[in-house]
file run.cif (mmCIF, C-alpha atoms)
data_data
loop_
_atom_site.label_atom_id
_atom_site.label_comp_id
_atom_site.auth_asym_id
_atom_site.auth_seq_id
_atom_site.Cartn_x
_atom_site.Cartn_y
_atom_site.Cartn_z
CA MET P 270 -26.38 -8.62 -41.58
CA SER P 271 -29.63 -7.06 -40.55
CA PHE P 272 -30.90 -6.55 -37.02
CA ARG P 273 -33.56 -9.21 -36.36
CA ILE P 274 -37.11 -8.53 -35.25
CA GLY P 275 -38.41 -11.78 -33.79
CA ALA P 276 -41.43 -12.77 -31.72
CA THR P 277 -41.77 -15.01 -28.69
CA VAL P 278 -44.82 -17.23 -28.62
CA LEU P 279 -45.69 -19.24 -25.51
CA LEU P 280 -47.50 -22.51 -25.92
CA ASP P 281 -49.47 -24.62 -23.43
CA CYS P 282 -49.85 -28.40 -23.39
CA ASN P 283 -53.12 -28.13 -25.34
CA ARG P 284 -51.32 -26.41 -28.23
CA ARG P 285 -52.82 -23.03 -27.44
CA ALA P 286 -50.81 -19.83 -27.62
CA LEU P 287 -50.55 -17.89 -24.37
CA GLN P 288 -49.97 -14.30 -23.46
CA SER P 289 -47.86 -13.79 -20.38
CA TYR P 290 -47.58 -10.75 -18.15
CA SER P 291 -44.75 -10.12 -15.69
CA PHE P 292 -43.84 -13.80 -15.88
CA GLN P 293 -47.01 -14.76 -14.00
CA THR P 294 -50.48 -14.07 -15.34
CA LYS P 295 -51.34 -16.08 -18.41
CA ARG P 296 -54.09 -15.47 -20.90
CA ILE P 297 -55.08 -17.93 -23.60
CA LEU P 298 -54.74 -16.39 -27.01
CA GLY P 299 -55.98 -19.19 -29.26
CA CYS P 300 -54.90 -21.96 -31.59
CA ILE P 301 -51.13 -21.99 -32.00
CA LYS P 302 -51.33 -22.74 -35.71
CA ASN P 303 -53.35 -19.58 -36.32
CA VAL P 304 -50.88 -17.51 -34.32
CA LEU P 305 -47.89 -18.89 -36.23
CA SER P 306 -49.67 -18.40 -39.52
CA PHE P 307 -50.46 -14.80 -38.56
CA LEU P 308 -46.83 -14.08 -37.66
CA ASN P 309 -45.70 -15.72 -40.89
CA ASP P 310 -47.95 -13.44 -42.93
CA TYR P 311 -46.58 -10.52 -40.96
CA GLU P 312 -43.09 -11.50 -42.19
CA ILE P 313 -41.55 -11.40 -38.75
CA ASP P 314 -37.85 -12.34 -38.94
CA GLU P 315 -38.06 -15.37 -36.66
CA ILE P 316 -40.33 -16.99 -34.10
CA HIS P 317 -39.27 -18.34 -30.70
CA LEU P 318 -41.81 -20.93 -29.65
CA ILE P 319 -41.53 -21.92 -26.00
CA ILE P 320 -43.52 -24.26 -23.75
CA PRO P 321 -43.12 -22.71 -20.26
CA LEU P 322 -43.03 -25.70 -17.91
CA LYS P 323 -42.12 -23.78 -14.76
CA GLY P 324 -41.26 -26.68 -12.51
CA ARG P 325 -43.65 -29.19 -14.04
CA SER P 326 -42.33 -32.43 -15.45
CA VAL P 327 -44.06 -32.91 -18.79
CA ASP P 328 -42.92 -34.84 -21.85
CA THR P 329 -43.28 -32.13 -24.48
CA SER P 330 -42.17 -34.25 -27.41
CA LYS P 331 -45.72 -35.03 -28.59
CA ILE P 332 -46.69 -31.36 -28.41
CA LEU P 333 -43.65 -30.26 -30.38
CA ILE P 334 -43.84 -33.08 -32.91
CA GLY P 335 -47.56 -32.38 -33.33
CA LEU P 336 -46.68 -29.01 -34.82
CA LYS P 337 -44.87 -30.61 -37.75
CA ASP P 338 -47.65 -29.81 -40.18
CA VAL P 339 -47.49 -26.10 -39.41
CA SER P 340 -46.91 -24.59 -42.81
CA ILE P 341 -44.84 -21.49 -42.34
CA SER P 342 -41.84 -20.12 -44.18
CA THR P 343 -40.44 -18.18 -41.23
CA PRO P 344 -37.40 -19.35 -39.23
CA LEU P 345 -38.56 -21.11 -36.09
CA SER P 346 -36.86 -22.01 -32.80
CA VAL P 347 -38.54 -24.30 -30.29
CA GLY P 348 -37.96 -24.95 -26.61
CA GLY P 349 -39.44 -26.31 -23.41
CA GLY P 350 -38.80 -29.73 -21.90
CA ILE P 351 -36.21 -30.91 -24.43
CA ASN P 352 -34.01 -33.53 -22.77
CA THR P 353 -31.79 -36.51 -23.59
CA GLU P 354 -34.81 -38.83 -23.63
CA ASN P 355 -36.85 -36.98 -26.24
CA LEU P 356 -34.19 -35.13 -28.26
CA ILE P 357 -33.89 -37.73 -31.04
CA GLU P 358 -37.63 -37.91 -31.53
CA ILE P 359 -38.09 -34.14 -31.53
CA THR P 360 -35.24 -33.48 -33.97
CA LYS P 361 -36.23 -36.18 -36.44
CA ASP P 362 -37.33 -34.40 -39.63
CA PRO P 363 -37.38 -31.02 -37.89
CA TYR P 364 -39.65 -28.23 -39.07
CA PHE P 365 -37.59 -25.77 -37.00
CA GLU P 366 -34.05 -24.50 -37.36
CA ARG P 367 -33.05 -24.05 -33.76
CA LEU P 368 -33.55 -25.35 -30.25
CA ILE P 369 -34.00 -23.24 -27.11
CA PHE P 370 -32.77 -24.49 -23.73
CA ASN P 371 -33.02 -23.27 -20.16
CA SER P 372 -32.86 -25.97 -17.45
CA ALA P 373 -30.39 -28.00 -19.51
CA ILE P 374 -27.81 -25.24 -19.12
CA PHE P 375 -27.87 -25.81 -15.38
CA ASP P 376 -28.21 -29.55 -15.08
CA ASP P 377 -28.36 -31.45 -18.40
CA ASN P 378 -25.38 -30.34 -20.47
CA GLU P 379 -25.41 -33.71 -22.24
CA VAL P 380 -28.59 -32.89 -24.16
CA ILE P 381 -27.01 -29.68 -25.44
CA LYS P 382 -23.92 -31.59 -26.56
CA GLN P 383 -26.07 -34.13 -28.40
CA ALA P 384 -28.19 -31.38 -29.96
CA THR P 385 -25.03 -29.61 -31.15
CA LEU P 386 -23.77 -32.81 -32.77
CA LYS P 387 -27.08 -33.33 -34.49
CA MET P 388 -28.00 -29.80 -35.58
CA GLY P 389 -24.79 -27.78 -35.29
CA HIS P 390 -23.68 -25.07 -32.85
CA GLN P 391 -25.60 -22.45 -34.83
CA ALA P 392 -28.83 -24.18 -33.80
CA ILE P 393 -28.39 -23.81 -30.03
CA MET P 394 -30.12 -20.96 -28.18
CA ALA P 395 -30.80 -20.30 -24.52
CA SER P 396 -33.75 -18.58 -22.95
CA ILE P 397 -32.48 -16.46 -20.05
CA PRO P 398 -35.29 -14.81 -18.10
CA PHE P 399 -33.85 -12.49 -15.45
CA ILE P 400 -34.77 -10.15 -12.64
CA LEU P 401 -32.57 -7.50 -11.05
CA GLN P 402 -32.71 -7.42 -7.26
CA GLU P 403 -30.50 -5.46 -4.86
CA ASN P 404 -28.07 -4.65 -7.64
CA LYS P 405 -27.69 -8.31 -8.54
CA ILE P 406 -28.90 -10.43 -11.43
CA LYS P 407 -30.98 -13.54 -10.81
CA ILE P 408 -31.58 -16.01 -13.63
CA TYR P 409 -34.66 -18.16 -13.94
CA HIS P 410 -34.15 -21.93 -13.63
CA SER P 411 -37.25 -23.51 -15.17
CA LYS P 412 -37.00 -26.92 -13.54
CA MET P 413 -36.65 -25.32 -10.10
CA ASN P 414 -39.22 -22.67 -11.02
CA LYS P 415 -37.27 -19.92 -9.32
CA PHE P 416 -34.79 -17.16 -9.99
CA ILE P 417 -31.33 -18.04 -8.74
CA ASP P 418 -27.94 -16.39 -8.32
CA VAL P 419 -25.33 -17.30 -10.92
CA SER P 420 -21.56 -17.11 -10.94
CA ASP P 421 -18.99 -16.36 -13.66
CA LYS P 422 -18.89 -20.08 -14.30
CA PHE P 423 -22.49 -19.95 -15.52
CA TRP P 424 -21.67 -17.30 -18.13
CA LYS P 425 -18.58 -19.20 -19.27
CA LYS P 426 -20.62 -22.36 -19.72
CA LEU P 427 -23.38 -20.49 -21.50
CA ASN P 428 -20.85 -18.94 -23.85
CA LEU P 429 -19.35 -22.30 -24.65
CA MET P 430 -22.60 -24.17 -25.18
CA CYS P 431 -24.99 -21.68 -26.73
CA ASN P 432 -24.68 -19.72 -29.91
CA GLU P 433 -27.23 -17.07 -28.96
CA ILE P 434 -29.28 -16.12 -25.91
CA ILE P 435 -32.64 -14.44 -25.44
CA LEU P 436 -32.46 -12.18 -22.39
CA LEU P 437 -35.99 -11.81 -21.08
CA ASP P 438 -36.78 -9.07 -18.59
CA ALA P 439 -39.26 -11.07 -16.51
CA ASP P 440 -40.62 -8.07 -14.61
CA ALA P 441 -41.32 -6.18 -17.82
CA GLU P 442 -42.75 -9.11 -19.78
CA GLY P 443 -46.01 -8.39 -21.55
CA GLY P 444 -46.03 -4.70 -20.72
CA LYS P 445 -44.90 -1.53 -22.39
CA GLU P 446 -42.82 -0.12 -19.55
CA GLY P 447 -39.48 -0.70 -21.20
CA PHE P 448 -36.65 -3.23 -21.04
CA ASN P 449 -34.18 -2.85 -18.18
CA PHE P 450 -30.85 -2.27 -19.95
CA LYS P 451 -29.02 -2.24 -16.60
CA VAL P 452 -28.85 -6.00 -17.03
CA PHE P 453 -25.87 -5.57 -19.36
CA GLN P 454 -23.77 -4.64 -16.31
CA PHE P 455 -24.09 -8.27 -15.26
CA VAL P 456 -24.17 -10.16 -18.54
CA ASN P 457 -20.92 -11.75 -19.62
CA PHE P 458 -21.84 -12.89 -23.11
CA PRO P 459 -20.89 -11.46 -26.55
CA ILE P 460 -23.35 -8.68 -27.22
CA GLU P 461 -23.67 -9.49 -30.92
CA ARG P 462 -25.15 -12.85 -29.95
CA VAL P 463 -27.80 -11.47 -27.60
CA LEU P 464 -31.48 -10.90 -28.33
CA ILE P 465 -33.58 -9.02 -25.79
CA SER P 466 -37.22 -9.47 -24.89
CA GLY P 467 -39.78 -8.15 -22.42
CA GLY P 468 -41.58 -4.82 -22.30
CA LEU P 469 -39.77 -3.45 -25.33
CA THR P 470 -40.65 0.03 -26.51
CA LYS P 471 -39.70 1.54 -29.85
CA LEU P 472 -36.99 3.49 -28.05
CA ASP P 473 -35.62 0.23 -26.60
CA ILE P 474 -35.54 -1.32 -30.05
CA HIS P 475 -33.61 1.65 -31.36
CA LYS P 476 -31.18 1.36 -28.45
CA ALA P 477 -30.70 -2.36 -29.12
CA LYS P 478 -29.84 -1.57 -32.73
CA VAL P 479 -27.32 1.07 -31.68
CA MET P 480 -25.76 -1.42 -29.25
CA LYS P 481 -25.45 -3.86 -32.18
CA LEU P 482 -27.34 -6.63 -30.47
CA ALA P 483 -28.39 -9.56 -32.68
CA GLY P 484 -32.02 -8.56 -32.40
CA ILE P 485 -35.12 -8.53 -30.28
CA SER P 486 -37.95 -10.89 -29.54
CA LEU P 487 -41.26 -9.12 -29.13
CA ASP P 488 -43.80 -10.55 -26.72
CA ASN P 489 -47.52 -9.91 -26.53
CA VAL P 490 -47.37 -6.62 -28.34
CA THR P 491 -47.04 -8.31 -31.74
CA LEU P 492 -50.05 -10.47 -31.10
CA HIS P 493 -52.74 -8.02 -30.18
CA SER P 494 -51.92 -4.57 -31.46
CA GLU P 495 -51.11 -2.79 -34.65
CA PHE P 496 -47.40 -3.14 -35.11
CA SER P 497 -45.36 -2.66 -38.25
CA ILE P 498 -42.55 -5.19 -38.33
CA LYS P 499 -41.13 -3.63 -41.47
CA GLY P 500 -41.23 -0.25 -39.78
CA LEU P 501 -39.05 -1.55 -36.96
CA ARG P 502 -36.30 -2.87 -39.22
CA MET S 38 -43.78 -30.88 -62.43
CA LEU S 39 -42.68 -33.16 -59.62
CA VAL S 40 -39.74 -32.24 -57.41
CA ASN S 41 -37.60 -35.00 -55.85
CA ILE S 42 -36.68 -34.21 -52.25
CA ILE S 43 -33.87 -36.39 -50.99
CA ASP S 44 -34.81 -37.91 -47.66
CA VAL S 45 -32.23 -39.87 -45.73
CA GLY S 46 -34.07 -39.45 -42.45
CA LEU S 47 -32.43 -36.17 -41.58
CA GLY S 48 -32.95 -32.58 -42.53
CA ASN S 49 -35.89 -30.23 -42.62
CA ILE S 50 -37.97 -32.10 -45.20
CA ALA S 51 -41.32 -30.82 -43.91
CA SER S 52 -40.22 -27.21 -44.42
CA ILE S 53 -38.96 -27.99 -47.93
CA GLU S 54 -42.26 -29.67 -48.81
CA HIS S 55 -44.15 -26.62 -47.65
CA TRP S 56 -41.86 -24.38 -49.71
CA VAL S 57 -42.44 -26.42 -52.88
CA ASP S 58 -46.16 -26.66 -52.20
CA SER S 59 -46.43 -22.88 -51.72
CA CYS S 60 -45.16 -22.49 -55.30
CA GLN S 61 -47.94 -24.77 -56.58
CA LEU S 62 -45.50 -27.57 -57.37
CA SER S 63 -45.73 -31.21 -56.34
CA SER S 64 -42.99 -33.04 -54.51
CA LYS S 65 -42.11 -36.52 -53.37
CA ARG S 66 -39.70 -37.75 -50.75
CA VAL S 67 -37.01 -39.98 -52.21
CA ALA S 68 -35.49 -42.42 -49.78
CA ASN S 69 -33.96 -44.70 -52.41
CA THR S 70 -32.03 -43.82 -55.56
CA SER S 71 -34.27 -46.04 -57.69
CA GLN S 72 -37.19 -43.71 -56.89
CA LEU S 73 -35.49 -40.64 -58.41
CA THR S 74 -37.22 -39.29 -61.50
CA ASN S 75 -35.75 -36.95 -64.11
CA ASP S 76 -37.40 -33.98 -62.44
CA PRO S 77 -35.47 -31.43 -60.35
CA ILE S 78 -33.78 -32.74 -57.23
CA ILE S 79 -33.55 -30.87 -53.92
CA ILE S 80 -30.82 -31.81 -51.45
CA PRO S 81 -31.84 -30.40 -48.04
CA GLY S 82 -29.47 -30.13 -45.13
CA VAL S 83 -28.73 -33.84 -44.95
CA ALA S 84 -26.01 -35.40 -42.84
CA SER S 85 -24.85 -37.95 -45.39
CA ALA S 86 -25.56 -38.18 -49.08
CA GLY S 87 -23.12 -40.98 -49.84
CA GLU S 88 -25.76 -43.24 -51.36
CA TYR S 89 -26.79 -40.51 -53.73
CA MET S 90 -23.37 -39.37 -54.88
CA ASP S 91 -23.05 -41.54 -57.96
CA ARG S 92 -26.65 -41.07 -58.96
CA LEU S 93 -26.38 -37.30 -58.67
CA LYS S 94 -23.17 -37.26 -60.69
CA ARG S 95 -24.90 -39.27 -63.42
CA CYS S 96 -28.05 -37.18 -63.40
CA GLN S 97 -29.61 -36.41 -66.75
CA SER S 98 -28.23 -33.49 -68.67
CA GLY S 99 -30.23 -30.47 -67.59
CA GLN S 100 -31.81 -32.19 -64.63
CA LYS S 101 -31.74 -29.52 -61.99
CA ILE S 102 -30.15 -30.12 -58.62
CA ILE S 103 -30.87 -27.65 -55.83
CA GLY S 104 -28.64 -27.84 -52.74
CA ILE S 105 -29.72 -25.96 -49.63
CA CYS S 106 -27.38 -25.00 -46.75
CA LEU S 107 -25.62 -28.30 -45.91
CA GLY S 108 -26.99 -29.58 -49.22
CA PHE S 109 -24.98 -26.80 -50.90
CA GLN S 110 -21.90 -27.53 -48.80
CA ILE S 111 -21.84 -31.20 -49.84
CA MET S 112 -21.88 -30.16 -53.50
CA MET S 113 -18.17 -29.28 -53.00
CA ASN S 114 -15.23 -31.70 -53.26
CA SER S 115 -14.73 -31.99 -49.52
CA SER S 116 -15.79 -30.65 -46.14
CA GLU S 117 -13.97 -29.99 -42.87
CA GLU S 118 -16.99 -31.18 -40.90
CA ASP S 119 -16.69 -34.37 -38.85
CA SER S 120 -12.88 -34.30 -39.20
CA GLY S 121 -13.05 -34.13 -42.99
CA VAL S 122 -15.35 -35.86 -45.47
CA ARG S 123 -15.34 -36.39 -49.23
CA CYS S 124 -18.35 -34.77 -50.84
CA LEU S 125 -20.21 -34.85 -54.15
CA GLY S 126 -17.77 -32.73 -56.18
CA LEU S 127 -20.56 -31.26 -58.28
CA LEU S 128 -18.79 -27.91 -57.90
CA ASP S 129 -15.07 -27.39 -57.30
CA GLY S 130 -14.43 -26.08 -53.83
CA THR S 131 -14.18 -26.94 -50.18
CA THR S 132 -16.43 -26.45 -47.18
CA LYS S 133 -14.75 -24.97 -44.12
CA TYR S 134 -15.74 -23.74 -40.68
CA ILE S 135 -16.38 -20.01 -40.58
CA LYS S 136 -13.30 -18.24 -39.20
CA ASP S 137 -12.86 -18.41 -35.40
CA LYS S 138 -15.74 -20.90 -35.19
CA ASN S 139 -18.22 -18.10 -35.70
CA THR S 140 -21.73 -18.70 -36.95
CA HIS S 141 -23.88 -16.77 -39.39
CA ASN S 142 -27.50 -16.32 -38.31
CA GLY S 143 -29.88 -13.85 -39.84
CA TRP S 144 -31.11 -12.14 -42.94
CA GLU S 145 -29.13 -10.77 -45.88
CA ASP S 146 -30.18 -8.95 -49.03
CA PHE S 147 -30.60 -11.05 -52.14
CA LYS S 148 -30.85 -9.94 -55.72
CA ILE S 149 -30.62 -11.82 -59.00
CA ASP S 150 -31.56 -10.90 -62.55
CA THR S 151 -31.40 -13.82 -64.98
CA ARG S 152 -30.59 -11.43 -67.83
CA GLU S 153 -27.41 -10.38 -66.05
CA VAL S 154 -26.16 -13.86 -65.15
CA LYS S 155 -22.97 -14.40 -67.15
CA HIS S 156 -22.56 -18.12 -66.83
CA ASN S 157 -24.71 -20.62 -68.56
CA VAL S 158 -27.32 -21.24 -65.90
CA PHE S 159 -30.38 -23.23 -66.92
CA PHE S 160 -33.12 -20.82 -65.96
CA PRO S 161 -36.43 -21.59 -67.65
CA LYS S 162 -37.88 -19.00 -70.00
CA LYS S 163 -40.31 -17.00 -67.91
CA SER S 164 -41.77 -13.53 -67.93
CA THR S 165 -40.33 -12.85 -64.48
CA LYS S 166 -36.59 -12.37 -64.76
CA LYS S 167 -35.52 -11.21 -61.34
CA VAL S 168 -35.86 -11.68 -57.62
CA ASP S 169 -35.10 -8.90 -55.18
CA GLY S 170 -35.57 -9.40 -51.45
CA ARG S 171 -33.88 -10.95 -48.44
CA VAL S 172 -32.91 -14.48 -47.47
CA TYR S 173 -32.32 -16.31 -44.19
CA PHE S 174 -28.96 -17.82 -43.18
CA ASN S 175 -28.26 -20.21 -40.29
CA HIS S 176 -24.93 -22.06 -40.55
CA GLU S 177 -21.46 -22.57 -39.08
CA LEU S 178 -19.63 -23.85 -42.16
CA MET S 179 -19.05 -21.97 -45.41
CA VAL S 180 -18.13 -22.79 -48.96
CA GLU S 181 -14.83 -21.72 -50.55
CA LEU S 182 -15.62 -21.98 -54.21
CA GLU S 183 -12.94 -22.66 -56.83
CA GLU S 184 -15.41 -22.94 -59.67
CA ASP S 185 -16.21 -20.35 -62.29
CA ALA S 186 -19.89 -20.01 -61.51
CA SER S 187 -22.52 -17.36 -61.09
CA THR S 188 -22.10 -16.45 -57.47
CA HIS S 189 -22.46 -13.75 -54.85
CA ILE S 190 -20.11 -13.17 -51.93
CA LEU S 191 -21.48 -11.37 -48.88
CA SER S 192 -19.53 -8.61 -47.09
CA ASN S 193 -18.46 -11.18 -44.45
CA GLY S 194 -16.85 -13.36 -47.13
CA ILE S 195 -19.57 -15.99 -47.19
CA THR S 196 -20.69 -17.37 -50.55
CA SER S 197 -24.42 -16.77 -50.66
CA TYR S 198 -25.06 -18.98 -53.67
CA ALA S 199 -23.38 -20.61 -56.67
CA PHE S 200 -25.31 -21.43 -59.83
CA LYS S 201 -23.82 -23.19 -62.85
CA HIS S 202 -25.63 -25.03 -65.63
CA ASN S 203 -28.11 -27.28 -63.84
CA ILE S 204 -26.58 -26.85 -60.37
CA PHE S 205 -28.18 -24.40 -57.93
CA GLY S 206 -26.36 -24.23 -54.60
CA MET S 207 -27.62 -21.89 -51.86
CA GLN S 208 -26.08 -21.32 -48.45
CA PHE S 209 -29.26 -19.65 -47.23
CA HIS S 210 -32.60 -21.33 -46.54
CA PRO S 211 -35.01 -20.38 -49.35
CA GLU S 212 -37.71 -22.49 -47.69
CA LYS S 213 -37.53 -20.14 -44.68
CA SER S 214 -37.06 -16.94 -46.64
CA GLN S 215 -40.74 -16.13 -46.96
CA GLN S 216 -41.76 -14.46 -50.24
CA THR S 217 -38.21 -14.18 -51.60
CA GLY S 218 -37.73 -17.94 -51.25
CA GLN S 219 -40.93 -18.66 -53.13
CA ASP S 220 -40.04 -16.19 -55.90
CA LEU S 221 -36.63 -17.84 -56.26
CA LEU S 222 -38.03 -21.35 -56.65
CA LYS S 223 -40.44 -20.10 -59.30
CA LEU S 224 -37.50 -18.51 -61.12
CA ILE S 225 -35.45 -21.74 -61.08
CA ILE S 226 -38.08 -24.36 -61.87
#
call {"tool": "encode", "arguments": {"input": "run.cif", "output": "structure tokens"}}
result
Amino acid sequence: MSFRIGATVLLDCNRRALQSYSFQTKRILGCIKNVLSFLNDYEIDEIHLIIPLKGRSVDTSKILIGLKDVSISTPLSVGGGINTENLIEITKDPYFERLIFNSAIFDDNEVIKQATLKMGHQAIMASIPFILQENKIKIYHSKMNKFIDVSDKFWKKLNLMCNEIILLDADAEGGKEGFNFKVFQFVNFPIERVLISGGLTKLDIHKAKVMKLAGISLDNVTLHSEFSIKGLR
Amino acid sequence: MLVNIIDVGLGNIASIEHWVDSCQLSSKRVANTSQLTNDPIIIPGVASAGEYMDRLKRCQSGQKIIGICLGFQIMMNSSEEDSGVRCLGLLDGTTKYIKDKNTHNGWEDFKIDTREVKHNVFFPKKSTKKVDGRVYFNHELMVELEEDASTHILSNGITSYAFKHNIFGMQFHPEKSQQTGQDLLKLII
């Protein structure tokens, strides 16, 4: 099976694509449908579409359902604000193959169980933004809007509930400084089910292939610079 | 030509419609067996096709049936999913969980040349005879085929597709396989 070259696209509540830098500064890119259509034409392997709520309580179901008429033939994963209240509505006649969770891993395991029953274990992904501080890993908890310490129990739960994870280097996000591979000293998750994201260079992508990771998820770089997806495969 | 897309309120119908539309074909959602026409039928990844079983078994000779992912899996005699269920039996075989509860997510090479297909598969006469590209997989169950059909087994033991007469079963998602998926639909219909 081939190494996957995916792209992360952030989406705001007005259905505009965003560019994010170092997990903080946001820049509006434009209409989400145009961005998805562009990536589709580029024949990227998959798209990870995420609404970054960062502590806000927003019902994202209308935003996600509103994208139903997006006509793309590229595998799509969606995430951001999916909970037990809106899961049924969001997954009715889905135009996506997979769901991405973050806060639910910490405090709403029920929604992940229901999503697994409805769409299968292969459809469950987790977005794991991280920072490394004082030789420790801290994982971002979206509902709390902060990076927190995690124990072995977290990794066990993640392993049990999620088929794949996207490890996002929050400090490197949006830049070209390189992904911090030291994170793998702290990650207790099967490497063949990990995608990495944030600040990736061509050298990083090569390293990820050698490590036999599942793939990568490119951030801003795919959206505003010349980049050959086929060349990266 | 009109393509019937079975719609029991589950499955990625919108993506299938886009796939059919991108090949300049028309489609209609079929929520009731009485609405089925004699045109090709697509079974997307539906959770239950019980209502359709008899109708699909009695489909007109040559009427094409395309099963995608779970739609392919329910073409078998039975499935391990949900503690075991009886399926359509359009092809002999069983659907089982991938060993050690693994999943299969990603892209695999795909190649077919209608001139080299040994079994009697109802491909229409067209100038284009082959498709060569890559297709997208996303599943946790796999088919163990006991039928003599035109098929391809991947290096991990997973049956990529099984074609026989008017039956076209695909474990991958052609509707999410970009150009290769479109080329394949044009080859079949």
call {"tool": "closest_residue", "arguments": {"input": "run.cif", "among": "S:Ile80, S:Val158, S:Val172, S:Ile149", "to": "chain P", "atoms": "only C-alpha atoms"}}
result
S:Val172
call {"tool": "closest_atom_pairs", "arguments": {"input": "run.cif", "of": "chain S", "to": "chain P", "cutoff": "10 Å", "atoms": "only C-alpha atoms", "output": "tab-separated table"}}
result
residue	atom	partner	partner_atom	distance
S:Asp44	CA	P:Asp362	CA	9.1
S:Val45	CA	P:Asp362	CA	9.7
S:Gly46	CA	P:Asp362	CA	6.6
S:Leu47	CA	P:Asp362	CA	5.6
S:Gly48	CA	P:Asp362	CA	5.6
S:Asn49	CA	P:Pro363	CA	5.0
S:Ile50	CA	P:Asp362	CA	6.1
S:Ala51	CA	P:Tyr364	CA	5.7
S:Ser52	CA	P:Tyr364	CA	5.5
S:Ile53	CA	P:Tyr364	CA	8.9
S:Glu54	CA	P:Ser340	CA	9.1
S:His55	CA	P:Ser340	CA	5.9
S:Trp56	CA	P:Ser342	CA	7.0
S:Asp58	CA	P:Ser340	CA	9.6
S:Ser59	CA	P:Ser340	CA	9.1
S:Gly82	CA	P:Met388	CA	9.7
S:Ala84	CA	P:Lys387	CA	8.7
S:Asp119	CA	P:Leu386	CA	9.5
S:Lys138	CA	P:His390	CA	9.3
S:Asn139	CA	P:Gln391	CA	8.6
S:Thr140	CA	P:Gln391	CA	5.8
S:His141	CA	P:Gln391	CA	7.5
S:Asn142	CA	P:Gln391	CA	7.3
S:Gly143	CA	P:Met270	CA	6.5
S:Trp144	CA	P:Ser271	CA	5.8
S:Glu145	CA	P:Met270	CA	5.5
S:Asp146	CA	P:Met270	CA	8.4
S:Arg171	CA	P:Ser271	CA	9.8
S:Tyr173	CA	P:Pro344	CA	7.7
S:Phe174	CA	P:Pro344	CA	9.4
S:Asn175	CA	P:Gln391	CA	6.5
S:His176	CA	P:Gln391	CA	5.8
S:Glu177	CA	P:Gln391	CA	5.9
S:Leu178	CA	P:Gly389	CA	9.4
S:Leu191	CA	P:Met270	CA	9.2
S:Ser192	CA	P:Met270	CA	8.8
S:Asn193	CA	P:Met270	CA	8.8
S:His210	CA	P:Pro344	CA	9.0
S:Pro211	CA	P:Ser342	CA	8.6
S:Glu212	CA	P:Ser342	CA	5.9
S:Lys213	CA	P:Ser342	CA	4.3
S:Ser214	CA	P:Ser342	CA	6.2
S:Gln215	CA	P:Ser342	CA	5.0
S:Gln216	CA	P:Ser342	CA	8.3
S:Gly218	CA	P:Ser342	CA	8.5
S:Gln219	CA	P:Ser342	CA	9.1
call {"tool": "resolve_selection", "arguments": {"input": "run.cif", "expression": "the PyMOL selection byres ((chain S and resi 126-132) around 10)", "output": "mmCIF file with C-alpha atoms, in the frame of the given file"}}
result
data_model
loop_
_atom_site.group_PDB
_atom_site.id
_atom_site.type_symbol
_atom_site.label_atom_id
_atom_site.label_comp_id
_atom_site.auth_asym_id
_atom_site.auth_seq_id
_atom_site.Cartn_x
_atom_site.Cartn_y
_atom_site.Cartn_z
ATOM 1 C CA MET S 90 -23.370 -39.370 -54.880
ATOM 2 C CA LEU S 93 -26.380 -37.300 -58.670
ATOM 3 C CA LYS S 94 -23.170 -37.260 -60.690
ATOM 4 C CA ILE S 102 -30.150 -30.120 -58.620
ATOM 5 C CA LEU S 107 -25.620 -28.300 -45.910
ATOM 6 C CA PHE S 109 -24.980 -26.800 -50.900
ATOM 7 C CA GLN S 110 -21.900 -27.530 -48.800
ATOM 8 C CA ILE S 111 -21.840 -31.200 -49.840
ATOM 9 C CA MET S 112 -21.880 -30.160 -53.500
ATOM 10 C CA MET S 113 -18.170 -29.280 -53.000
ATOM 11 C CA ASN S 114 -15.230 -31.700 -53.260
ATOM 12 C CA SER S 115 -14.730 -31.990 -49.520
ATOM 13 C CA SER S 116 -15.790 -30.650 -46.140
ATOM 14 C CA GLU S 117 -13.970 -29.990 -42.870
ATOM 15 C CA GLU S 118 -16.990 -31.180 -40.900
ATOM 16 C CA GLY S 121 -13.050 -34.130 -42.990
ATOM 17 C CA VAL S 122 -15.350 -35.860 -45.470
ATOM 18 C CA ARG S 123 -15.340 -36.390 -49.230
ATOM 19 C CA CYS S 124 -18.350 -34.770 -50.840
ATOM 20 C CA LEU S 125 -20.210 -34.850 -54.150
ATOM 21 C CA LYS S 133 -14.750 -24.970 -44.120
ATOM 22 C CA TYR S 134 -15.740 -23.740 -40.680
ATOM 23 C CA ILE S 135 -16.380 -20.010 -40.580
ATOM 24 C CA LEU S 178 -19.630 -23.850 -42.160
ATOM 25 C CA MET S 179 -19.050 -21.970 -45.410
ATOM 26 C CA VAL S 180 -18.130 -22.790 -48.960
ATOM 27 C CA GLU S 181 -14.830 -21.720 -50.550
ATOM 28 C CA LEU S 182 -15.620 -21.980 -54.210
ATOM 29 C CA GLU S 183 -12.940 -22.660 -56.830
ATOM 30 C CA GLU S 184 -15.410 -22.940 -59.670
ATOM 31 C CA ASP S 185 -16.210 -20.350 -62.290
ATOM 32 C CA ALA S 186 -19.890 -20.010 -61.510
ATOM 33 C CA ALA S 199 -23.380 -20.610 -56.670
ATOM 34 C CA PHE S 200 -25.310 -21.430 -59.830
ATOM 35 C CA LYS S 201 -23.820 -23.190 -62.850
ATOM 36 C CA ILE S 204 -26.580 -26.850 -60.370
ATOM 37 C CA GLY S 206 -26.360 -24.230 -54.600
#
call {"tool": "resolve_selection", "arguments": {"input": "run.cif", "expression": "the PyMOL selection byres ((chain P and resi 326) around 12)", "output": "list of chain:residue names"}}
result
P:Cys282, P:Ile320, P:Pro321, P:Leu322, P:Lys323, P:Gly324, P:Arg325, P:Val327, P:Asp328, P:Thr329, P:Gly349, P:Gly350, P:Ile351, P:Asn352, P:Ser372, P:Ser411, P:Lys412, P:Met413, P:Asn414
